[in-house]
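Presented below is the structure to which this report refers.
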Amino acid sequence: MKKDGILYASFKYGDGERVVRERFFYDYNEATLKDLMIKNGFCIEDIFMTQDVREDRKKERWINVLAEKVH
């Protein structure tokens, strides 16, 4: 990503790694997502939570981030 580029990403809210049907996932919470962004040269603009909109997954939460690449 170019310097000054804007990143949006969302992850399931939680802690740690998991495998579902041979697919690898890593869930984040506020602290682990902030750490990931900072270690990879991003300045965080916003971190916010959302609820899944699918009927069968309404209890699932997502953590979202908007960040700018600074170096």
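As shown in the structure tokens, the chain order sets the letters A, B, ...; within each chain, residues go from 1, and ligands are also counted from 1 in the order they appear.
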Please identify the alpha helix (DSSP H) residues within stretch 17-59 of chain A (assignment by DSSP from backbone atoms) and present them as a ChimeraX atom specification. /A:30-39
For stretch 47-59 of chain A, list every protein, DNA or RNA residue within 10 Å, evaluated using only C-alpha atoms, and leave out those in the same chain fewer than 3 positions away; present the list as a list in words.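 Near neighbours after the sequence-gap exclusion: Tyr8, Ala9, Ser10, Phe11, Lys12, Tyr13, Asn29, Glu30, Leu33, Lys34, Ile44, Trp62, Ile63, Asn64, Val65, Leu66 and Ala67 of chain A.
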Where does DSSP see strand (DSSP E or B) in chain A, if you list the residues as a PyMOL selection string? chain A and resi 6-13+16-20+23-28+42-51+61-69
Would you put the residues from that selection into a file with N, CA and C atoms, as a compact mmCIF listing (two decimals), in the first residue's frame?
# COMPACT_ATOMS: atom_id res chain seq x y z
N ILE A 6 -5.50 4.84 2.35
CA ILE A 6 -6.48 4.57 3.40
C ILE A 6 -6.91 3.10 3.33
N LEU A 7 -6.92 2.45 4.49
CA LEU A 7 -7.30 1.05 4.60
C LEU A 7 -8.60 0.94 5.40
N TYR A 8 -9.52 0.14 4.91
CA TYR A 8 -10.67 -0.28 5.70
C TYR A 8 -10.58 -1.79 5.80
N ALA A 9 -10.77 -2.33 7.00
CA ALA A 9 -10.79 -3.78 7.18
C ALA A 9 -11.75 -4.12 8.30
N SER A 10 -12.31 -5.32 8.25
CA SER A 10 -13.15 -5.79 9.35
C SER A 10 -12.82 -7.25 9.64
N PHE A 11 -12.92 -7.58 10.90
CA PHE A 11 -12.59 -8.91 11.40
C PHE A 11 -13.64 -9.32 12.41
N LYS A 12 -13.84 -10.62 12.57
CA LYS A 12 -14.70 -11.08 13.66
C LYS A 12 -14.07 -10.65 14.97
N TYR A 13 -14.91 -10.22 15.87
CA TYR A 13 -14.44 -9.80 17.19
C TYR A 13 -14.13 -11.02 18.03
N GLY A 16 -7.61 -14.58 19.11
CA GLY A 16 -6.85 -15.73 18.65
C GLY A 16 -7.21 -16.27 17.28
N GLU A 17 -6.61 -17.42 17.02
CA GLU A 17 -6.74 -18.10 15.74
C GLU A 17 -7.78 -19.20 15.81
N ARG A 18 -8.34 -19.53 14.62
CA ARG A 18 -9.27 -20.66 14.54
C ARG A 18 -9.28 -21.18 13.11
N VAL A 19 -9.67 -22.44 12.97
CA VAL A 19 -9.81 -23.06 11.66
C VAL A 19 -11.24 -23.58 11.55
N VAL A 20 -11.90 -23.20 10.45
CA VAL A 20 -13.27 -23.63 10.19
C VAL A 20 -13.29 -24.23 8.79
N ARG A 23 -10.35 -23.59 6.67
CA ARG A 23 -10.03 -22.18 6.43
C ARG A 23 -9.50 -21.58 7.72
N PHE A 24 -8.43 -20.80 7.60
CA PHE A 24 -7.77 -20.18 8.75
C PHE A 24 -8.34 -18.78 8.98
N PHE A 25 -8.64 -18.47 10.24
CA PHE A 25 -9.14 -17.15 10.62
C PHE A 25 -8.37 -16.65 11.83
N TYR A 26 -8.22 -15.34 11.93
CA TYR A 26 -7.66 -14.71 13.11
C TYR A 26 -8.63 -13.63 13.56
N ASP A 27 -9.12 -13.74 14.78
CA ASP A 27 -10.07 -12.78 15.33
C ASP A 27 -9.30 -11.73 16.14
N TYR A 28 -9.81 -10.51 16.15
CA TYR A 28 -9.15 -9.41 16.85
C TYR A 28 -10.07 -8.76 17.85
N PHE A 42 0.60 1.87 10.16
CA PHE A 42 -0.66 2.57 9.97
C PHE A 42 -0.96 3.50 11.14
N CYS A 43 -1.59 4.61 10.83
CA CYS A 43 -2.13 5.52 11.84
C CYS A 43 -3.64 5.28 11.87
N ILE A 44 -4.16 4.89 13.00
CA ILE A 44 -5.58 4.54 13.12
C ILE A 44 -6.44 5.79 13.15
N GLU A 45 -7.41 5.83 12.26
CA GLU A 45 -8.38 6.92 12.24
C GLU A 45 -9.59 6.58 13.11
N ASP A 46 -10.03 5.31 13.04
CA ASP A 46 -11.21 4.90 13.81
C ASP A 46 -11.23 3.38 13.93
N ILE A 47 -11.65 2.92 15.09
CA ILE A 47 -11.97 1.50 15.32
C ILE A 47 -13.39 1.47 15.87
N PHE A 48 -14.24 0.65 15.25
CA PHE A 48 -15.63 0.61 15.70
C PHE A 48 -16.19 -0.80 15.55
N MET A 49 -17.23 -1.06 16.33
CA MET A 49 -17.87 -2.37 16.35
C MET A 49 -19.16 -2.33 15.54
N THR A 50 -19.46 -3.45 14.88
CA THR A 50 -20.74 -3.61 14.21
C THR A 50 -21.29 -5.00 14.51
N GLN A 51 -22.58 -5.15 14.34
CA GLN A 51 -23.25 -6.43 14.53
C GLN A 51 -23.50 -7.03 13.16
N ARG A 61 -20.28 -10.30 16.39
CA ARG A 61 -19.82 -8.92 16.31
C ARG A 61 -18.57 -8.84 15.45
N TRP A 62 -18.39 -7.70 14.81
CA TRP A 62 -17.24 -7.44 13.96
C TRP A 62 -16.52 -6.20 14.46
N ILE A 63 -15.20 -6.22 14.36
CA ILE A 63 -14.41 -5.04 14.69
C ILE A 63 -13.88 -4.49 13.36
N ASN A 64 -14.06 -3.20 13.17
CA ASN A 64 -13.73 -2.53 11.93
C ASN A 64 -12.66 -1.47 12.19
N VAL A 65 -11.82 -1.23 11.19
CA VAL A 65 -10.77 -0.22 11.34
C VAL A 65 -10.64 0.59 10.06
N LEU A 66 -10.46 1.88 10.25
CA LEU A 66 -10.05 2.81 9.19
C LEU A 66 -8.68 3.33 9.59
N ALA A 67 -7.70 3.20 8.70
CA ALA A 67 -6.36 3.60 9.04
C ALA A 67 -5.63 4.13 7.82
N GLU A 68 -4.66 5.00 8.08
CA GLU A 68 -3.85 5.59 7.01
C GLU A 68 -2.44 5.02 7.08
N LYS A 69 -1.89 4.65 5.93
CA LYS A 69 -0.52 4.14 5.85
C LYS A 69 0.43 5.32 5.99
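Note that atom CA of A:Lys39 and atom CA of A:Lys2 are 16.0 Å apart.
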Of A:Gly14, A:Asp35, A:Arg21, A:Gly41, the one nearest to A:Met1 when counting only C-alpha atoms is A:Gly41
